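A short write-up of the structure that comes next.
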Amino acid sequence: MPPDPLLLARESLLAYAIAQYDQYRASWHHRKTAAALEAVAAGEITRLIIQEPPRHGKSMLTSDIFPAWYLGKYPDKQIIFSTYSQDFSDDWGAKVRDRLNSPIHTAVFPNSRLKDDSQSKSKLGLTAGGFYFAVGIGGPTTGRGADIFLIDDPIKNREQADSEIERKALKDWYTSTAYTRLMKGGAIIIIQ
């Protein structure tokens with residue numbers, strides 16, 4: 001008898017990805033990324049940098065699917081997500097919200113539900129006390145903590161990457177704001 005796909009999706013990030021998106025096809029680098037993200041979820045890795053070329057699925061797996069899976073497993077945990085702009089952060093937040101609202105997510109994780117009043121793109125609260133907060137790089141995170149602080153593409157383009165002023169501002173934000181939001185035992189994931 002084959003394993004129950006819903007039970008498998010609770011334990012495997014890639015099985016959850018396939019359950020959520022039946023056209024998802026995992027390659028060798030997705031399996032390595034998923035294993036590292038599962039280790040973050042288990043508390044075995046607290047600092048992770050994922051560097052892959054553009055259009056290889058790193059953001060879909062890490063910034064879209066992983067937050068929903070993580071909050072499914074741990075609905076009382078807190079995620080802060082950040083990217084180079086608030087608008088782009090909101091786009092990712094909408095994807096996470098839609099995954100958390102999906103019938104598949106509810107079937108896999110029946111104890112992970114959004115609060116009724118939590119339909120924003122940037123602030124998602126769960127009934128078990130967890131939340132997902134999306135903010136642009138440099139934006140405020142005051143009063144929030146993060147079990148996982150997820151940073152996807154902190155630099156928008158080559159022009160910003162070449163700018164000493166932009167790089168210094170990013171480093172200052174990271175050290176004075178992002179890093180200070182980590183809960184005890186929290187993890188930082190950077191994707192670029």
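Quick note on naming: the chains in the structure tokens go A, B, ... in the order shown, residues restart at 1 in each chain, and ligands are numbered from 1 in order of appearance.
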
Quick one: contact table of region 47-153 of chain A to region 157-161 of chain A, 12 Å max, nearest atom pair and distance in Å to one decimal per residue, counting only C-alpha atoms, chain and number order, as a tab-separated table?
residue	atom	partner	partner_atom	distance
A:Tyr84	CA	A:Asn157	CA	9.5
A:Ser85	CA	A:Asn157	CA	11.9
A:Asp153	CA	A:Asn157	CA	9.1

Taking only C-alpha atoms into account, produce a table as a tab-separated table in which each residue of region 99-142 of chain A with an atom at most 10 Å from an atom of region 63-68 of chain A appears once, together with its shortest atom pair and the distance in Å to one decimal, ordered by chain and rising number.
residue	atom	partner	partner_atom	distance
A:Arg99	CA	A:Ala68	CA	6.3
A:Leu100	CA	A:Ala68	CA	5.8
A:Asn101	CA	A:Ala68	CA	9.6
A:His105	CA	A:Ala68	CA	8.0
A:Phe109	CA	A:Ala68	CA	9.9
A:Ser112	CA	A:Ala68	CA	9.2
A:Tyr132	CA	A:Pro67	CA	8.0

- Mind checking DSSP for chain A and telling me the strand (DSSP E or B) residues as a PyMOL selection string? chain A and resi 47-50+78-83+114+123-126+131-136+146-152+182-191

- Query: What lies within 10 Å of Ala178 (chain A) using only C-alpha atoms, ignoring chain neighbours under 4 positions off, as a PyMOL selection string?
  - Reply: chain A and resi 80-82+137-142+145-146+149-151+171-174+182+188

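Reported to one decimal place, the separation of CA of Gly125 (chain A) from CA of Pro154 (chain A) is 24.3 Å.
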
- Message: So the first atom is CA of Leu126 (chain A) and the second is CA of Ile104 (chain A); what is the distance between them in Å, to one decimal place?
- Response: 16.6 Å

- Task: Would you mind listing what lies within 12 Å of Pro110 (chain A) as a ChimeraX atom specification, with only C-alpha atoms counted and same-chain residues fewer than 4 positions away left out?
- Result: /A:6-7,10,71-75,100-106,114,126-128

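The residue that comes closest to Asp76 (chain A), out of A:Arg113, A:Pro3, A:Leu37, A:Ser118 and on the basis of only C-alpha atoms, is A:Arg113.
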
- Message: Neighbouring residues of Lys58 (chain A) were defined as those with any atom within 9 Å, considering only C-alpha atoms; residues of the same chain fewer than 4 positions away were excluded. Please report them as a list in words.
- Response: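 Here the qualifying residues turn out to be His29, His30, Thr33, Ile50, Gln51, Glu52, Pro53, Pro54, Thr62, Ser63, Ile191 and Gln192 of chain A.
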
- If you count only C-alpha atoms, the residue of A:Tyr24, A:Lys95, A:Ala107, A:Thr83 closest to Pro5 (chain A) turns out to be A:Ala107

- For Asp152 (chain A), which of A:Leu124, A:Ala17, A:Ala34, A:Leu61 is the closest residue, counting only C-alpha atoms? A:Leu61

- Query: How would you write, as a ChimeraX atom specification, the set of residues in region 45-154 of chain A that DSSP gives as alpha helix (DSSP H)?
  - Reply: /A:58-59,66-73,86-101,103-108

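Counting only C-alpha atoms and comparing A:Gly43, A:Gly136, A:Gly130, A:Gly57, the residue that lies closest to Asp90 (chain A) is A:Gly136.
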
- Closest to Val40 (chain A) among A:Ile155, A:Leu13, A:Gly143, A:Ala26, using only C-alpha atoms?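 Using only C-alpha atoms, the shortest distance to Val40 (chain A) belongs to A:Leu13.
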
- Item | Two-atom distance - CA of Lys121 (chain A), CA of Ala134 (chain A) (Å) |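 Distance between the two atoms: 7.6 Å.
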